[in-house]
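S.K.: Next up is a structure, given as structure tokens.
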There are 2 protein chains.
Amino acid sequence: MANPSKAEQLFCPTETALGIIGGKWKGMILWCLCQGTMRFGQLHRTIPGITQRMLTKQLRDLEEYDIITRKVYPQVPPKVEYALSAHGQTLKPILANLEAWSKDYLEQKIGRNDAG
Amino acid sequence: MANPSKAEQLFCPTETALGIIGGKWKGMILWCLCQGTMRFGQLHRTIPGITQRMLTKQLRDLEEYDIITRKVYPQVPPKVEYALSAHGQTLKPILANLEAWSKDYLEQKIGRNDAG
DNA sequence: CAGAATCCGAGAGGATACTG
DNA sequence: CAGTATCCTCTCGGATTCTG
């Protein structure tokens with residue numbers, strides 16, 4: 001038994017953010033939308049390897065979180081535009097940080113070359 | 001066919017970072033280690049719900065990425081200490097950002113109360 | 001105490017075909 | 001064009017047992 005003291009029971013707030021931008025595609029999608037509004041097909045072409053099913057799913061998730069907006073143009077052929085919402089905009093600096101960190105990390109990894 | 005132009009073939013650098021801090025437990029583990037060096041059992045008690053297997057696995061991953069260090073004290077009973085590496089230290093501001101963003105996000109979500 | 005080994009289910013993600 | 005609908009694989013993560 002001996003369950004931990006309440007002082008040790010920390011709750012990690014990063015989980016919320018990681019739950020939203022985590023997964024295999026969300027980061028990439030958001031990163032694309034940081035560049036501006038994009039249509040479905042445009043996202044599909046821009047993100048290598050993603051399937052329609054996955055793209056749709058992830059977009060729906062992000063929409064549910066109020067991170068992106070979905071604008072449907074009632075016309076034929078259909079046209080749907082995705083963009084960052086007000087909430088989503090606040091993610092921009094986060095994503096920029098992740099980007100910068102990643103680049104730095106990769107550089108260090110390549111530059112070192114002393115580990116097997 | 002009509003494969004996308006090279007200009008549309010963006011590569012998203014956030015994937016590196018998200019690949020490292022993503023998953024169900026890594027964020028929490030790193031967040032714990034941001035507070036300082038911790039022993040295995042201490043992490044285990046501090047992170048509610050994680051199993052030894054998962055904790056071990058995630059720690060090994062992070063070690064492989066050079067994000068944390070693992071120090072074994074050759075004694076009985078065993079003692080192993082985990083801490084952020086130099087690389088890991090550079091993640092601190094990132095995690096702090098994620099934390100701040102999450103809190104802000106949750107506040108907005110609760111404060112609005114206008115969506116069904 | 002800090003793990004390794006084994007078995008297992010759920011769900012994330014993928015391939016393909018179809019549609020208004 | 002922007003999705004649905006199925007079906008399938010495969011990894012993530014969980015439960016449990018054992019050990020130096």
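Residue numbering restarts at 1 in every chain; chains get A, B, ... in the order shown in the structure tokens, and ligands count up from 1 in that same order.
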Within 12 Å of chain D, which residues of chain A show up when using only C-alpha atoms (C1' of nucleotides), listed as a PDB file with N, CA and C atoms, in the first residue's frame?
M.R.:
```pdb
ATOM      1  N   GLY A  23      -0.150  13.167 -31.580  1.00  0.00           N
ATOM      2  CA  GLY A  23      -0.550  12.279 -32.664  1.00  0.00           C
ATOM      3  C   GLY A  23       0.359  12.448 -33.867  1.00  0.00           C
ATOM      4  N   ARG A  39      -7.347  24.818 -48.335  1.00  0.00           N
ATOM      5  CA  ARG A  39      -8.452  23.931 -48.663  1.00  0.00           C
ATOM      6  C   ARG A  39      -8.074  22.494 -48.345  1.00  0.00           C
ATOM      7  N   PHE A  40      -9.089  21.643 -48.323  1.00  0.00           N
ATOM      8  CA  PHE A  40      -8.859  20.239 -47.975  1.00  0.00           C
ATOM      9  C   PHE A  40      -7.827  19.584 -48.897  1.00  0.00           C
ATOM     10  N   GLY A  41      -8.077  19.699 -50.169  1.00  0.00           N
ATOM     11  CA  GLY A  41      -7.200  19.073 -51.140  1.00  0.00           C
ATOM     12  C   GLY A  41      -5.781  19.617 -51.088  1.00  0.00           C
ATOM     13  N   GLN A  42      -5.696  20.874 -50.770  1.00  0.00           N
ATOM     14  CA  GLN A  42      -4.393  21.526 -50.666  1.00  0.00           C
ATOM     15  C   GLN A  42      -3.601  20.944 -49.501  1.00  0.00           C
ATOM     16  N   LEU A  43      -4.290  20.762 -48.392  1.00  0.00           N
ATOM     17  CA  LEU A  43      -3.659  20.126 -47.237  1.00  0.00           C
ATOM     18  C   LEU A  43      -3.246  18.697 -47.599  1.00  0.00           C
ATOM     19  N   HIS A  44      -4.133  18.039 -48.301  1.00  0.00           N
ATOM     20  CA  HIS A  44      -3.880  16.654 -48.671  1.00  0.00           C
ATOM     21  C   HIS A  44      -2.626  16.524 -49.523  1.00  0.00           C
ATOM     22  N   THR A  51      -3.736  10.133 -45.526  1.00  0.00           N
ATOM     23  CA  THR A  51      -4.903   9.693 -46.297  1.00  0.00           C
ATOM     24  C   THR A  51      -6.061  10.645 -46.023  1.00  0.00           C
ATOM     25  N   GLN A  52      -7.068  10.622 -46.912  1.00  0.00           N
ATOM     26  CA  GLN A  52      -8.242  11.475 -46.696  1.00  0.00           C
ATOM     27  C   GLN A  52      -8.869  11.177 -45.339  1.00  0.00           C
ATOM     28  N   ARG A  53      -8.973   9.905 -45.065  1.00  0.00           N
ATOM     29  CA  ARG A  53      -9.599   9.500 -43.807  1.00  0.00           C
ATOM     30  C   ARG A  53      -8.910  10.145 -42.611  1.00  0.00           C
ATOM     31  N   MET A  54      -7.605  10.044 -42.575  1.00  0.00           N
ATOM     32  CA  MET A  54      -6.844  10.594 -41.452  1.00  0.00           C
ATOM     33  C   MET A  54      -6.959  12.115 -41.428  1.00  0.00           C
ATOM     34  N   LEU A  55      -6.824  12.717 -42.592  1.00  0.00           N
ATOM     35  CA  LEU A  55      -6.899  14.175 -42.653  1.00  0.00           C
ATOM     36  C   LEU A  55      -8.252  14.657 -42.140  1.00  0.00           C
ATOM     37  N   THR A  56      -9.306  14.029 -42.613  1.00  0.00           N
ATOM     38  CA  THR A  56     -10.644  14.384 -42.152  1.00  0.00           C
ATOM     39  C   THR A  56     -10.760  14.235 -40.640  1.00  0.00           C
ATOM     40  N   LYS A  57     -10.292  13.114 -40.159  1.00  0.00           N
ATOM     41  CA  LYS A  57     -10.394  12.817 -38.728  1.00  0.00           C
ATOM     42  C   LYS A  57      -9.674  13.863 -37.877  1.00  0.00           C
ATOM     43  N   LEU A  59      -8.749  16.856 -38.723  1.00  0.00           N
ATOM     44  CA  LEU A  59      -9.365  18.176 -38.866  1.00  0.00           C
ATOM     45  C   LEU A  59     -10.615  18.290 -37.988  1.00  0.00           C
ATOM     46  N   ARG A  60     -11.379  17.221 -37.948  1.00  0.00           N
ATOM     47  CA  ARG A  60     -12.568  17.220 -37.096  1.00  0.00           C
ATOM     48  C   ARG A  60     -12.183  17.375 -35.624  1.00  0.00           C
ATOM     49  N   VAL A  72     -17.426  26.056 -45.174  1.00  0.00           N
ATOM     50  CA  VAL A  72     -17.923  25.320 -46.330  1.00  0.00           C
ATOM     51  C   VAL A  72     -18.564  26.286 -47.313  1.00  0.00           C
ATOM     52  N   TYR A  73     -18.120  26.223 -48.562  1.00  0.00           N
ATOM     53  CA  TYR A  73     -18.741  27.020 -49.616  1.00  0.00           C
ATOM     54  C   TYR A  73     -19.768  26.145 -50.327  1.00  0.00           C
ATOM     55  N   PRO A  74     -21.040  26.505 -50.236  1.00  0.00           N
ATOM     56  CA  PRO A  74     -22.088  25.685 -50.836  1.00  0.00           C
ATOM     57  C   PRO A  74     -22.096  25.813 -52.346  1.00  0.00           C
ATOM     58  N   GLN A  75     -21.245  25.061 -52.986  1.00  0.00           N
ATOM     59  CA  GLN A  75     -21.115  25.134 -54.440  1.00  0.00           C
ATOM     60  C   GLN A  75     -20.659  23.798 -54.974  1.00  0.00           C
ATOM     61  N   VAL A  76     -20.745  23.673 -56.297  1.00  0.00           N
ATOM     62  CA  VAL A  76     -20.275  22.457 -56.937  1.00  0.00           C
ATOM     63  C   VAL A  76     -19.215  22.801 -57.963  1.00  0.00           C
ATOM     64  N   PRO A  77     -18.034  22.179 -57.871  1.00  0.00           N
ATOM     65  CA  PRO A  77     -17.638  21.190 -56.857  1.00  0.00           C
ATOM     66  C   PRO A  77     -17.425  21.836 -55.492  1.00  0.00           C
ATOM     67  N   PRO A  78     -17.510  21.043 -54.455  1.00  0.00           N
ATOM     68  CA  PRO A  78     -17.406  21.558 -53.086  1.00  0.00           C
ATOM     69  C   PRO A  78     -16.093  22.289 -52.831  1.00  0.00           C
ATOM     70  N   LYS A  79     -16.150  23.205 -51.908  1.00  0.00           N
ATOM     71  CA  LYS A  79     -14.942  23.916 -51.508  1.00  0.00           C
ATOM     72  C   LYS A  79     -15.014  24.137 -50.011  1.00  0.00           C
ATOM     73  N   VAL A  80     -14.004  23.640 -49.321  1.00  0.00           N
ATOM     74  CA  VAL A  80     -13.961  23.776 -47.868  1.00  0.00           C
ATOM     75  C   VAL A  80     -12.622  24.357 -47.470  1.00  0.00           C
ATOM     76  N   GLU A  81     -12.670  25.404 -46.694  1.00  0.00           N
ATOM     77  CA  GLU A  81     -11.438  26.051 -46.260  1.00  0.00           C
ATOM     78  C   GLU A  81     -11.212  25.878 -44.765  1.00  0.00           C
TER      79      GLU A  81
END
```
S.K.: Check every residue of chain B for an atom within 7 Å of chain A, counting only C-alpha atoms, and provide those that qualify as a PyMOL selection string.
M.R.: chain B and resi 4+8-10+12-18+22+27-28+31+45-48+94-95+97-99+102-103
S.K.: Starting from chain C, keep only residues with some atom at most 9 Å from an atom of chain B, counting only C-alpha atoms (C1' of nucleotides), and report them as a PyMOL selection string.
M.R.: chain C and resi 1-4
S.K.: Deliver the residues from the most recent selection as a file, using N, CA, C and O atoms (P, O5', C5', C4', C3', O3' and C1' of nucleotides), as an mmCIF file, in the first residue's frame.
M.R.:
```cif
data_model
loop_
_atom_site.group_PDB
_atom_site.id
_atom_site.type_symbol
_atom_site.label_atom_id
_atom_site.label_comp_id
_atom_site.auth_asym_id
_atom_site.auth_seq_id
_atom_site.Cartn_x
_atom_site.Cartn_y
_atom_site.Cartn_z
ATOM 1 P P DC C 1 11.214 0.443 -2.074
ATOM 2 O "O5'" DC C 1 12.507 0.051 -2.938
ATOM 3 C "C5'" DC C 1 13.646 0.879 -2.765
ATOM 4 C "C4'" DC C 1 14.513 0.740 -3.997
ATOM 5 C "C3'" DC C 1 13.873 1.314 -5.261
ATOM 6 O "O3'" DC C 1 14.876 2.053 -5.946
ATOM 7 C "C1'" DC C 1 14.343 -1.000 -5.575
ATOM 8 P P DA C 2 14.516 3.031 -7.143
ATOM 9 O "O5'" DA C 2 14.722 2.095 -8.418
ATOM 10 C "C5'" DA C 2 16.027 1.598 -8.675
ATOM 11 C "C4'" DA C 2 15.976 0.563 -9.766
ATOM 12 C "C3'" DA C 2 15.250 1.007 -11.043
ATOM 13 O "O3'" DA C 2 16.006 0.632 -12.182
ATOM 14 C "C1'" DA C 2 14.391 -1.039 -10.302
ATOM 15 P P DG C 3 15.673 1.233 -13.598
ATOM 16 O "O5'" DG C 3 14.296 0.500 -13.984
ATOM 17 C "C5'" DG C 3 14.264 -0.199 -15.160
ATOM 18 C "C4'" DG C 3 14.451 -1.693 -14.889
ATOM 19 C "C3'" DG C 3 13.571 -2.583 -15.765
ATOM 20 O "O3'" DG C 3 13.911 -2.577 -17.125
ATOM 21 C "C1'" DG C 3 13.730 -3.421 -13.549
ATOM 22 P P DA C 4 15.248 -3.313 -17.672
ATOM 23 O "O5'" DA C 4 14.750 -4.827 -17.772
ATOM 24 C "C5'" DA C 4 15.688 -5.874 -17.553
ATOM 25 C "C4'" DA C 4 14.997 -7.212 -17.675
ATOM 26 C "C3'" DA C 4 14.389 -7.489 -19.049
ATOM 27 O "O3'" DA C 4 14.688 -8.833 -19.406
ATOM 28 C "C1'" DA C 4 12.714 -7.662 -17.382
#
```
S.K.: Give me, please, the distance in Å between CA of Lys92 (chain B) and CA of Leu62 (chain B), quoted to one decimal.
M.R.: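 About the pair CA of Lys92 (chain B) and CA of Leu62 (chain B): they are 14.3 Å apart.
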S.K.: Considering only alpha helix (DSSP H) as DSSP defines it on the backbone, what residues of region 42-72 of chain A qualify? List them as a VMD selection string.
M.R.: chain A and resid 42 to 46 52 to 64
